[in-house]
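This report refers to the structure that appears directly beneath it.
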There are 2 protein chains.
Amino acid sequence: MKKFINDPADVVAQSLRGLAAAHPELRVEVEEGYIVRAGAPQPGKVALVSGGGSGHEPLHGGFVGPGMLDAACPGEVFTSPVPDQILAATKAADGGAGVVHIVKNYTGDVMNFQLAGELAGEEGISVETVLVDDDVAVEDSTWTAGRRGTGATLLVEKITGARAEEGGKLGEVAALGREVNAASGSFAYALTAVTTPAAGRPGFDLPADEIEAGVGIHGEPGRRREKWRPAKELVRSALDAILTAKSFSGPVIVLVNGLGATPLIELYLIYGEVAAHLEERGVTIARQLVGNYVTSLDMAGMSVTLCQATDEMIRLWDAPVRTPGLRWGA
Amino acid sequence: MKKFINDPADVVAQSLRGLAAAHPELRVEVEEGYIVRAGAPQPGKVALVSGGGSGHEPLHGGFVGPGMLDAACPGEVFTSPVPDQILAATKAADGGAGVVHIVKNYTGDVMNFQLAGELAGEEGISVETVLVDDDVAVEDSTWTAGRRGTGATLLVEKITGARAEEGGKLGEVAALGREVNAASGSFAYALTAVTTPAAGRPGFDLPADEIEAGVGIHGEPGRRREKWRPAKELVRSALDAILTAKSFSGPVIVLVNGLGATPLIELYLIYGEVAAHLEERGVTIARQLVGNYVTSLDMAGMSVTLCQATDEMIRLWDAPVRTPGLRWGA
């Protein structure tokens with residue numbers, strides 16, 4: 001295996017040390033395993049905490065900052081953070097107005113966030129949970145009961161983050177997050193398998209002319225193995241899958257997301273196809289984002305996420321955000 | 001070959017259409033082959049134009065916008081833009097105060113920008129050229145007489161872009177660009193070869209346990225083929241190479257750059273090593289940037305760039321920038 005690492009066992013900790021050095025505006029607690037905004041907690045503000053296995057960067061640690069998350073807890077690669085870690089992040093972020101846990105729907109994450117939420121409750125912190133399960137490809141999967149959480153996580157974190165920043169209350173911010181998730185659908189394709197540092201070789205076998213349709217962000221199998229097809233056809237199939245699973249009547253926010261090893265020249269080409277197909281179908285694009293945001297280490301792949309956005313969601317999407325991974329506005 | 005494309009012959013044009021759809025704040029002239037800020041030209045402002053082969057995104061088209069470039073002209077993949085294209089971009093960007101061409105030192109780029117500059121001169125546009133040749137790995141290379149231009153291109157574009165935005169004159173902006181280039185050194189490692197859409201297979205052969213030290217951004221050979229080593233050692237060797245070629249006495253701006261397929265978790269780990277080694281050597285880091293910025297399609301690799309920065313350069317680095325690929329400040 002060739003990666004820019006020292007020892008597979010230390011990848012996450014050493015990467016966090018680099019994140020800390022590169023971003024002094026964050027407080028990175030490497031031993032305790034969480035990242036919070038410098039100056040946290042903010043008294044009176046609802047805090048947003050997310051987390052999950054590492055290997056999806058910039059998700060989640062790269063989304064900590066004004067207008068988005070208050071804290072993130074990264075587990076080991078593709079491994080849920082442990083309850084103590086989530087609890088520590090929750091306590092570090094809580095400003096007395098309660099904490100929203102944004103949790104991608106994987107069994108380990110769900111269990112550990114639930115336990116951490118209960119422990120936080122015993123310490124007097126009100127916790128609401130938003131479960132993200134936007135991936136329309138499969139109903140259940142390797143590590144999931146129900147649909148997997150993927151690209152919509154970014155939308156939930158951005159939109160609820162903006163609402164919390166402007167003073168939204170706990171129940172309202174959580175309800176908004178659930179609304180964004182319910183309005184979102186995603187579908188992914190992989191061209192290559194992912195290689196974790198610990199395994200040292202590709203997690204599945206993908207012949208030179210085949211792709212995985214509906215792949216998950218840990219390389220979980222999708223709907224089927226297919227022969228390679230042109231981007232135009234893959235985009236049409238992905239949009240078919242999303243628009244079959246969810247009905248869209250209004251303007252959408254589109255995320256064209258690379259899974260880690262997909263060059264921008266291809267992601268923009270994909271976005272061009274998405275825009276053309278949505279226009280054909282009469283679906284209006286309100287906002288769009290193109291880049292590698294919710295990744296799967298070194299997997300060459302892409303996902304498309306659509307979120308049917310209310311005016312309020314679009315307003316909150318446009319609000320300023322200042323994080324290592326996403327940044328616009330004031 | 002598996003890529004998210006339709007036809008290898010149409011990749012650049014179709015990707016530009018996607019860029020146009022995703023970024024209405026840019027004017028993308030697909031047929032003429034250039035990208036300018038919407039609203040260009042800006043009367044009285046020195047305009048910055050860069051360009052080169054496609055496949056290095058977000059460089060250059062993703063760096064068009066307030067605080068950075070006025071226009072960019074992308075050639076076909078790893079192929080210089082033609083003089084007509086550069087001339088068209090130059091004319092579209094020129095606001096009457098002259099145009100700075102920022103040119104990476106590759107023979108085709110240098111020739112075509114020079115010709116375009118002469119043609120622009122005949123039409124009454126004053127053009128100054130800043131040649132970027134920061135790669136300390138090799139003296140000459142496959143497509144280069146002299147050192148190659150790589151990561152420092154971003155620094156030159158950012159810093160001169162800020163100076164032009166605040167009213168810098170033509171000669172002064174160009175001189176600043178040359179100063180940034182002279183103060184910069186870069187060194188890259190590749191873990192994998194790059195596959196262009198046209199070739200359809202890796203441009204060179206790299207065994208499973210070997211890496212290319214000093215690789216160029218088109219997969220050009222570097223100094224030597226090596227066995228894989230831990231990131232800590234690669235970083236030390238890269239910094240040795242840079243600090244041997246250039247002497248640094250003051251604070252530096254550091255760019256840890258991915259070559260396209262390198263996950264952020266690895267880039268932050270690398271930055272952690274860079275920060276630790278520079279501290280050992282007594283080199284102060286003034287500013288840093290970590291991400292995939294000057295890429296080589298799907299090559300897994302990384303480069304480190306150091307720029308010995310004056311106070312003025314740091315001030316201009318911090319100035320607001322609003323482009324698809326780089327964005328901070330107001």
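Convention: chains lettered A, B, ... in structure tokens order; per-chain residue numbering from 1; ligands numbered from 1 as shown.
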
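Residues of segment 149-236 of chain A that DSSP places in strand (DSSP E or B), based on the backbone of this structure, are Ser184, Gly185, Ser186, Phe187, Ala188, Tyr189, Ala190, Glu210, Ile211, Glu212, Ala213, Arg224, Arg225, Glu226 and Lys227 of chain A.
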
Check which residues of chain A sit at most 6 Å from chain B using only C-alpha atoms, and return one row each with the closest pair of atoms and their distance in Å to one decimal, ordered by chain and rising number, as JSON lines.
```
{"residue": "A:Phe4", "atom": "CA", "partner": "B:Ala231", "partner_atom": "CA", "distance": 5.0}
{"residue": "A:Ile5", "atom": "CA", "partner": "B:Ala231", "partner_atom": "CA", "distance": 4.9}
{"residue": "A:Asn6", "atom": "CA", "partner": "B:Pro230", "partner_atom": "CA", "distance": 4.5}
{"residue": "A:Gln14", "atom": "CA", "partner": "B:Leu269", "partner_atom": "CA", "distance": 5.5}
{"residue": "A:Ser15", "atom": "CA", "partner": "B:Leu269", "partner_atom": "CA", "distance": 3.9}
{"residue": "A:Arg17", "atom": "CA", "partner": "B:Gly272", "partner_atom": "CA", "distance": 5.9}
{"residue": "A:Gly18", "atom": "CA", "partner": "B:Gly272", "partner_atom": "CA", "distance": 3.6}
{"residue": "A:Leu19", "atom": "CA", "partner": "B:Tyr268", "partner_atom": "CA", "distance": 5.5}
{"residue": "A:Glu57", "atom": "CA", "partner": "B:Leu264", "partner_atom": "CA", "distance": 5.9}
{"residue": "A:Pro230", "atom": "CA", "partner": "B:Asn6", "partner_atom": "CA", "distance": 4.5}
{"residue": "A:Ala231", "atom": "CA", "partner": "B:Ile5", "partner_atom": "CA", "distance": 5.0}
{"residue": "A:Gly260", "atom": "CA", "partner": "B:Pro263", "partner_atom": "CA", "distance": 5.7}
{"residue": "A:Ala261", "atom": "CA", "partner": "B:Ala261", "partner_atom": "CA", "distance": 3.9}
{"residue": "A:Pro263", "atom": "CA", "partner": "B:Leu297", "partner_atom": "CA", "distance": 5.5}
{"residue": "A:Leu264", "atom": "CA", "partner": "B:Glu57", "partner_atom": "CA", "distance": 5.9}
{"residue": "A:Ile265", "atom": "CA", "partner": "B:Ser15", "partner_atom": "CA", "distance": 5.7}
{"residue": "A:Glu266", "atom": "CA", "partner": "B:Phe4", "partner_atom": "CA", "distance": 5.6}
{"residue": "A:Tyr268", "atom": "CA", "partner": "B:Gly18", "partner_atom": "CA", "distance": 4.7}
{"residue": "A:Leu269", "atom": "CA", "partner": "B:Ser15", "partner_atom": "CA", "distance": 3.9}
{"residue": "A:Tyr271", "atom": "CA", "partner": "B:Gly18", "partner_atom": "CA", "distance": 5.3}
{"residue": "A:Gly272", "atom": "CA", "partner": "B:Gly18", "partner_atom": "CA", "distance": 3.6}
{"residue": "A:Leu297", "atom": "CA", "partner": "B:Pro263", "partner_atom": "CA", "distance": 5.5}
{"residue": "A:Asp298", "atom": "CA", "partner": "B:Pro263", "partner_atom": "CA", "distance": 5.9}
{"residue": "A:Ala330", "atom": "CA", "partner": "B:Ala330", "partner_atom": "CA", "distance": 5.0}
```

Residues of the last selection are to be written out with N, CA and C atoms, as a compact mmCIF listing (two decimals), in the first residue's frame.
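Final output, selection_15.txt:
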```
# COMPACT_ATOMS: atom_id res chain seq x y z
N PHE A 4 0.39 8.57 1.96
CA PHE A 4 1.23 9.53 2.68
C PHE A 4 0.91 9.44 4.16
N ILE A 5 1.42 8.39 4.79
CA ILE A 5 1.19 8.18 6.21
C ILE A 5 2.49 7.68 6.81
N ASN A 6 2.51 7.58 8.14
CA ASN A 6 3.66 6.99 8.81
C ASN A 6 3.34 5.56 9.22
N GLN A 14 -2.45 11.72 13.86
CA GLN A 14 -1.44 12.57 13.22
C GLN A 14 -2.09 13.56 12.25
N SER A 15 -3.15 13.13 11.60
CA SER A 15 -3.86 14.05 10.71
C SER A 15 -4.53 15.17 11.53
N ARG A 17 -3.41 16.36 14.29
CA ARG A 17 -2.36 17.31 14.70
C ARG A 17 -2.06 18.29 13.56
N GLY A 18 -2.08 17.79 12.33
CA GLY A 18 -1.88 18.67 11.18
C GLY A 18 -3.02 19.65 11.03
N LEU A 19 -4.25 19.17 11.25
CA LEU A 19 -5.41 20.06 11.18
C LEU A 19 -5.29 21.17 12.22
N GLU A 57 -13.19 13.28 5.02
CA GLU A 57 -12.83 14.68 5.12
C GLU A 57 -13.09 15.43 3.81
N PRO A 230 -20.88 6.22 -20.27
CA PRO A 230 -20.52 7.65 -20.29
C PRO A 230 -21.19 8.41 -19.14
N ALA A 231 -20.56 9.50 -18.74
CA ALA A 231 -21.05 10.30 -17.62
C ALA A 231 -22.50 10.72 -17.79
N GLY A 260 -13.35 11.56 -3.30
CA GLY A 260 -11.99 11.67 -2.78
C GLY A 260 -10.94 11.75 -3.86
N ALA A 261 -11.04 10.90 -4.87
CA ALA A 261 -9.98 10.84 -5.88
C ALA A 261 -10.49 11.25 -7.25
N PRO A 263 -11.06 14.02 -10.00
CA PRO A 263 -10.60 15.38 -10.31
C PRO A 263 -11.76 16.33 -10.57
N LEU A 264 -11.52 17.60 -10.27
CA LEU A 264 -12.53 18.63 -10.47
C LEU A 264 -12.98 18.72 -11.92
N ILE A 265 -12.07 18.46 -12.88
CA ILE A 265 -12.46 18.55 -14.30
C ILE A 265 -13.61 17.59 -14.57
N GLU A 266 -13.60 16.43 -13.90
CA GLU A 266 -14.70 15.47 -14.07
C GLU A 266 -15.94 15.91 -13.30
N TYR A 268 -16.96 18.91 -12.61
CA TYR A 268 -17.67 19.98 -13.33
C TYR A 268 -18.37 19.43 -14.56
N LEU A 269 -17.74 18.48 -15.24
CA LEU A 269 -18.41 17.83 -16.37
C LEU A 269 -19.71 17.17 -15.90
N TYR A 271 -21.45 18.01 -13.28
CA TYR A 271 -22.44 19.03 -12.94
C TYR A 271 -23.13 19.57 -14.20
N GLY A 272 -22.38 19.71 -15.27
CA GLY A 272 -22.98 20.15 -16.54
C GLY A 272 -24.07 19.19 -16.99
N LEU A 297 -12.01 8.34 1.51
CA LEU A 297 -10.56 8.22 1.35
C LEU A 297 -10.16 8.40 -0.11
N ASP A 298 -9.58 7.35 -0.70
CA ASP A 298 -9.01 7.47 -2.05
C ASP A 298 -9.91 6.88 -3.12
N ALA A 330 -19.77 36.77 4.49
CA ALA A 330 -18.94 37.73 5.23
C ALA A 330 -17.80 37.06 5.97
```

All residues 10 Å or closer to Phe187 of chain B, only C-alpha atoms, same chain fewer than 5 positions away omitted, as number ranges by chain: B: 134-138, 150-151, 213-216, 222, 235, 237-242, 302-306

Store the residues picked out above, limited to C-alpha atoms, as an mmCIF file, in the first residue's frame.
```cif
data_model
loop_
_atom_site.group_PDB
_atom_site.id
_atom_site.type_symbol
_atom_site.label_atom_id
_atom_site.label_comp_id
_atom_site.auth_asym_id
_atom_site.auth_seq_id
_atom_site.Cartn_x
_atom_site.Cartn_y
_atom_site.Cartn_z
ATOM 1 C CA ASP B 134 9.459 27.215 -8.589
ATOM 2 C CA ASP B 135 9.948 23.446 -8.810
ATOM 3 C CA VAL B 136 13.405 22.764 -7.395
ATOM 4 C CA ALA B 137 13.384 19.056 -8.305
ATOM 5 C CA VAL B 138 15.022 19.232 -11.734
ATOM 6 C CA THR B 150 4.006 24.338 -10.115
ATOM 7 C CA GLY B 151 2.566 25.228 -6.696
ATOM 8 C CA ALA B 213 10.466 11.853 -6.138
ATOM 9 C CA GLY B 214 10.364 15.280 -7.729
ATOM 10 C CA VAL B 215 7.552 14.439 -10.134
ATOM 11 C CA GLY B 216 6.051 17.178 -12.322
ATOM 12 C CA GLY B 222 11.514 13.737 -11.261
ATOM 13 C CA VAL B 235 8.517 15.606 4.027
ATOM 14 C CA SER B 237 13.492 15.112 1.921
ATOM 15 C CA ALA B 238 11.168 17.573 0.199
ATOM 16 C CA LEU B 239 12.078 20.345 2.642
ATOM 17 C CA ASP B 240 15.783 19.489 2.303
ATOM 18 C CA ALA B 241 15.485 19.861 -1.452
ATOM 19 C CA ILE B 242 13.724 23.214 -1.192
ATOM 20 C CA MET B 302 1.538 15.852 -3.053
ATOM 21 C CA SER B 303 3.756 18.878 -3.280
ATOM 22 C CA VAL B 304 5.125 21.239 -0.702
ATOM 23 C CA THR B 305 5.735 24.882 -1.610
ATOM 24 C CA LEU B 306 7.514 27.390 0.618
#
```

Taking only segment 152-302 of chain A into account, list the residues labelled helix (DSSP H, G or I) by DSSP (computed from the backbone), as a ChimeraX atom specification. /A:152-165,170-182,231-245,264-281

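Note that atom CA of Glu226 of chain A and atom CA of Lys246 of chain A are 23.5 Å apart.
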
So which residues touch Arg37 of chain B within 7 Å, counting only C-alpha atoms, skipping near sequence neighbours fewer than 6 positions away, as a list in words? Glu25, Leu26, Arg27, Val64, Gly65, Asp70 and Ala71 of chain B

Output all heavy atoms for every residue in the selection just made, as a PDB file, in the first residue's frame.
```pdb
ATOM      1  N   GLU B  25     -21.194  33.656 -11.735  1.00  0.00           N
ATOM      2  CA  GLU B  25     -20.394  34.859 -11.511  1.00  0.00           C
ATOM      3  C   GLU B  25     -19.188  34.899 -12.449  1.00  0.00           C
ATOM      4  O   GLU B  25     -18.441  35.884 -12.465  1.00  0.00           O
ATOM      5  CB  GLU B  25     -19.952  34.962 -10.043  1.00  0.00           C
ATOM      6  CG  GLU B  25     -18.835  34.010  -9.614  1.00  0.00           C
ATOM      7  CD  GLU B  25     -19.317  32.612  -9.226  1.00  0.00           C
ATOM      8  OE1 GLU B  25     -20.457  32.248  -9.600  1.00  0.00           O
ATOM      9  OE2 GLU B  25     -18.554  31.866  -8.578  1.00  0.00           O
ATOM     10  N   LEU B  26     -19.002  33.847 -13.244  1.00  0.00           N
ATOM     11  CA  LEU B  26     -17.955  33.839 -14.270  1.00  0.00           C
ATOM     12  C   LEU B  26     -18.616  33.880 -15.644  1.00  0.00           C
ATOM     13  O   LEU B  26     -19.738  33.419 -15.822  1.00  0.00           O
ATOM     14  CB  LEU B  26     -17.116  32.562 -14.176  1.00  0.00           C
ATOM     15  CG  LEU B  26     -16.427  32.263 -12.852  1.00  0.00           C
ATOM     16  CD1 LEU B  26     -15.706  30.922 -12.923  1.00  0.00           C
ATOM     17  CD2 LEU B  26     -15.457  33.378 -12.480  1.00  0.00           C
ATOM     18  N   ARG B  27     -17.882  34.429 -16.615  1.00  0.00           N
ATOM     19  CA  ARG B  27     -18.333  34.313 -18.004  1.00  0.00           C
ATOM     20  C   ARG B  27     -17.397  33.306 -18.671  1.00  0.00           C
ATOM     21  O   ARG B  27     -16.196  33.546 -18.749  1.00  0.00           O
ATOM     22  CB  ARG B  27     -18.281  35.682 -18.693  1.00  0.00           C
ATOM     23  CG  ARG B  27     -18.769  35.673 -20.129  1.00  0.00           C
ATOM     24  CD  ARG B  27     -19.262  37.058 -20.576  1.00  0.00           C
ATOM     25  NE  ARG B  27     -18.217  38.069 -20.512  1.00  0.00           N
ATOM     26  CZ  ARG B  27     -17.312  38.296 -21.485  1.00  0.00           C
ATOM     27  NH1 ARG B  27     -17.323  37.586 -22.592  1.00  0.00           N
ATOM     28  NH2 ARG B  27     -16.405  39.251 -21.340  1.00  0.00           N
ATOM     29  N   VAL B  64     -10.338  32.458 -11.024  1.00  0.00           N
ATOM     30  CA  VAL B  64     -10.825  33.707 -11.620  1.00  0.00           C
ATOM     31  C   VAL B  64     -11.874  34.311 -10.701  1.00  0.00           C
ATOM     32  O   VAL B  64     -12.838  33.640 -10.329  1.00  0.00           O
ATOM     33  CB  VAL B  64     -11.421  33.457 -13.028  1.00  0.00           C
ATOM     34  CG1 VAL B  64     -12.052  34.734 -13.572  1.00  0.00           C
ATOM     35  CG2 VAL B  64     -10.351  32.936 -13.988  1.00  0.00           C
ATOM     36  N   GLY B  65     -11.672  35.559 -10.339  1.00  0.00           N
ATOM     37  CA  GLY B  65     -12.637  36.250  -9.492  1.00  0.00           C
ATOM     38  C   GLY B  65     -11.958  37.360  -8.727  1.00  0.00           C
ATOM     39  O   GLY B  65     -10.722  37.500  -8.772  1.00  0.00           O
ATOM     40  N   ASP B  70      -8.239  37.870 -13.486  1.00  0.00           N
ATOM     41  CA  ASP B  70      -9.333  38.434 -14.282  1.00  0.00           C
ATOM     42  C   ASP B  70      -9.777  37.447 -15.344  1.00  0.00           C
ATOM     43  O   ASP B  70     -10.959  37.419 -15.694  1.00  0.00           O
ATOM     44  CB  ASP B  70      -8.879  39.745 -14.927  1.00  0.00           C
ATOM     45  CG  ASP B  70      -8.631  40.802 -13.882  1.00  0.00           C
ATOM     46  OD1 ASP B  70      -7.524  40.852 -13.307  1.00  0.00           O
ATOM     47  OD2 ASP B  70      -9.583  41.548 -13.579  1.00  0.00           O
ATOM     48  N   ALA B  71      -8.845  36.671 -15.851  1.00  0.00           N
ATOM     49  CA  ALA B  71      -9.202  35.705 -16.889  1.00  0.00           C
ATOM     50  C   ALA B  71      -8.228  34.539 -16.869  1.00  0.00           C
ATOM     51  O   ALA B  71      -7.099  34.654 -16.391  1.00  0.00           O
ATOM     52  CB  ALA B  71      -9.196  36.361 -18.271  1.00  0.00           C
TER      53      ALA B  71
END
```

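Taking atom CA of Met68 of chain A as the reference point, atom CA of Ala164 of chain A is found at 8.4 Å.
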
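Neighbouring residues of Ala193 of chain B at 7 Å or closer, counting only C-alpha atoms and skipping chain neighbours under 2 positions away, are Ala190, Thr195, Pro202, Gly203, Phe204, Asp205, Leu206, Gly219 and Met299 of chain B.
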
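For Val132 of chain A, the set of protein, DNA and RNA residues having any atom at most 7 Å away, when counting only C-alpha atoms and skipping those fewer than 3 positions along the same chain, is Val103, Lys104, Asn105, Gly149, Thr153 and Asn181 of chain A.
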
Keeping only C-alpha atoms, take the residues you just selected and write them out as an mmCIF file, in the first residue's frame.
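See again11.cif below for the written result:
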```cif
data_model
loop_
_atom_site.group_PDB
_atom_site.id
_atom_site.type_symbol
_atom_site.label_atom_id
_atom_site.label_comp_id
_atom_site.auth_asym_id
_atom_site.auth_seq_id
_atom_site.Cartn_x
_atom_site.Cartn_y
_atom_site.Cartn_z
ATOM 1 C CA VAL A 103 -25.805 11.546 12.921
ATOM 2 C CA LYS A 104 -25.355 9.647 9.687
ATOM 3 C CA ASN A 105 -27.433 6.498 9.721
ATOM 4 C CA GLY A 149 -26.433 8.919 5.401
ATOM 5 C CA THR A 153 -25.150 15.539 5.772
ATOM 6 C CA ASN A 181 -32.893 15.336 5.402
#
```
